[in-house]
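The structure under discussion appears below in the form of structure tokens.
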Amino acid sequence: MTTITRTFTVIPDPATVVDYLKDFAHAEAWDPGTESCTQESGGEVRVGTRWHNVSKIAGVTTELTYTLQTLTPGRLVFVGENDSATSTDTITVQAKGGGSEVTYEAVIEPKGAGKLGEPLLKLLFERIGTKTEKQLTEVLNALAA
């Protein structure tokens with residue numbers, strides 16, 4: 001299991017941040033690996049909403065189905081699954097100053113033979129985590145403009 005955590009502050013208030021991030025399709029704008037992310041289930045975003053995510057990481061394309069499992073004013077949990085891994089992304093948002101403090105935690109659990117590459121995954125996802133923090137900060141701060 002590989003866990004990556006980043007905590008950073010942004011200008012918008014927590015309600016604005018959660019409202020934006022609850023739609024995982026926005027990952028196309030803030031996740032450097034995401035090539036496409038489309039909502040599979042119709043209607044308003046709510047617990048149980050699913051997205052088809054296509055990402056390219058280190059030249060390898062992978063597809064996961066993400067489901068919104070938790071949606072509260074200060075916490076979002078998305079679980080992505082395919083045959084080779086489960087990814088649990090937990091986003092916690094709290095008021096800080098006039099804006100928000102965001103903690104993004106990604107837990108990647110390889111399945112089967114993928115477990116053998118976990119030490120390399122940790123290094124790879126640490127780099128991706130840094131890029132994600134930068135892009136996510138820029139995208140969220142633009143919401144306040």
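Chain labels A, B, ... are given in the sequence in which chains occur in the structure tokens; within each chain residues are numbered consecutively from 1, and ligands are likewise numbered from 1 in the order shown.
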Open item on the list: Among chain A, which ones does DSSP assign to strand (DSSP E or B) (computed from the backbone)? Answer as a ChimeraX atom specification.
Closed with: /A:2-10,34-39,50-57,60-72,75-81,85-96,99-110
Closest-contact table, range 49-108 of chain A side, partner range 10-20 of chain A, 7 Å, counting only C-alpha atoms, as JSON lines:
```
{"residue": "A:Pro73", "atom": "CA", "partner": "A:Ala15", "partner_atom": "CA", "distance": 6.6}
{"residue": "A:Val93", "atom": "CA", "partner": "A:Pro14", "partner_atom": "CA", "distance": 5.8}
{"residue": "A:Gln94", "atom": "CA", "partner": "A:Pro14", "partner_atom": "CA", "distance": 5.9}
{"residue": "A:Ala95", "atom": "CA", "partner": "A:Pro14", "partner_atom": "CA", "distance": 5.9}
{"residue": "A:Gly98", "atom": "CA", "partner": "A:Asp13", "partner_atom": "CA", "distance": 6.8}
{"residue": "A:Gly99", "atom": "CA", "partner": "A:Ile11", "partner_atom": "CA", "distance": 4.5}
{"residue": "A:Ser100", "atom": "CA", "partner": "A:Asp13", "partner_atom": "CA", "distance": 5.4}
{"residue": "A:Glu101", "atom": "CA", "partner": "A:Val10", "partner_atom": "CA", "distance": 6.5}
```
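Here the DSSP assignment of helix (DSSP H, G or I), based on backbone atoms, applies within range 24-80 of chain A to Phe24, Ala25, His26, Ala27, Glu28, Ala29 and Trp30 of chain A.
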Can I get the selection written as a PDB file, in the first residue's frame, with N, CA, C and O atoms?
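The resulting file, out17.pdb, is shown below:
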```
ATOM      1  N   PHE A  24     -15.802  14.798  -9.564  1.00  0.00           N
ATOM      2  CA  PHE A  24     -14.490  14.225  -9.886  1.00  0.00           C
ATOM      3  C   PHE A  24     -14.104  14.430 -11.352  1.00  0.00           C
ATOM      4  O   PHE A  24     -12.935  14.300 -11.708  1.00  0.00           O
ATOM      5  N   ALA A  25     -15.051  14.805 -12.208  1.00  0.00           N
ATOM      6  CA  ALA A  25     -14.718  15.117 -13.602  1.00  0.00           C
ATOM      7  C   ALA A  25     -13.740  16.289 -13.667  1.00  0.00           C
ATOM      8  O   ALA A  25     -12.970  16.404 -14.622  1.00  0.00           O
ATOM      9  N   HIS A  26     -13.739  17.147 -12.646  1.00  0.00           N
ATOM     10  CA  HIS A  26     -12.805  18.263 -12.610  1.00  0.00           C
ATOM     11  C   HIS A  26     -11.356  17.803 -12.458  1.00  0.00           C
ATOM     12  O   HIS A  26     -10.434  18.610 -12.627  1.00  0.00           O
ATOM     13  N   ALA A  27     -11.137  16.530 -12.173  1.00  0.00           N
ATOM     14  CA  ALA A  27      -9.770  16.012 -12.066  1.00  0.00           C
ATOM     15  C   ALA A  27      -8.980  16.259 -13.350  1.00  0.00           C
ATOM     16  O   ALA A  27      -7.754  16.363 -13.323  1.00  0.00           O
ATOM     17  N   GLU A  28      -9.682  16.389 -14.465  1.00  0.00           N
ATOM     18  CA  GLU A  28      -8.993  16.696 -15.728  1.00  0.00           C
ATOM     19  C   GLU A  28      -8.209  17.997 -15.619  1.00  0.00           C
ATOM     20  O   GLU A  28      -7.182  18.155 -16.268  1.00  0.00           O
ATOM     21  N   ALA A  29      -8.680  18.936 -14.791  1.00  0.00           N
ATOM     22  CA  ALA A  29      -8.025  20.234 -14.657  1.00  0.00           C
ATOM     23  C   ALA A  29      -6.906  20.234 -13.617  1.00  0.00           C
ATOM     24  O   ALA A  29      -5.963  21.003 -13.731  1.00  0.00           O
ATOM     25  N   TRP A  30      -7.025  19.394 -12.585  1.00  0.00           N
ATOM     26  CA  TRP A  30      -6.052  19.496 -11.489  1.00  0.00           C
ATOM     27  C   TRP A  30      -5.171  18.271 -11.256  1.00  0.00           C
ATOM     28  O   TRP A  30      -4.185  18.357 -10.539  1.00  0.00           O
TER      29      TRP A  30
END
```
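One finds CA of Asn82 in chain A at 26.9 Å from CA of Val102 in chain A.
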Task: Selected residue of minimal separation from Gly33 in chain A among A:Leu21, A:Ile57, A:Val79, A:Leu64, counting only C-alpha atoms - done: A:Ile57
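Atom pair CA of Lys96 in chain A / CA of Phe8 in chain A: separated by 10.3 Å.
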TODO: Kindly give the distance, in Å, that separates CA of Ser55 in chain A and CA of Thr70 in chain A, rounded to a single decimal.
DONE: 22.5 Å
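You can rank A:Thr62, A:Thr9, A:Thr2, A:Asn141 by their closest distance to Glu35 in chain A using only C-alpha atoms, and at the top of that list sits A:Thr62.
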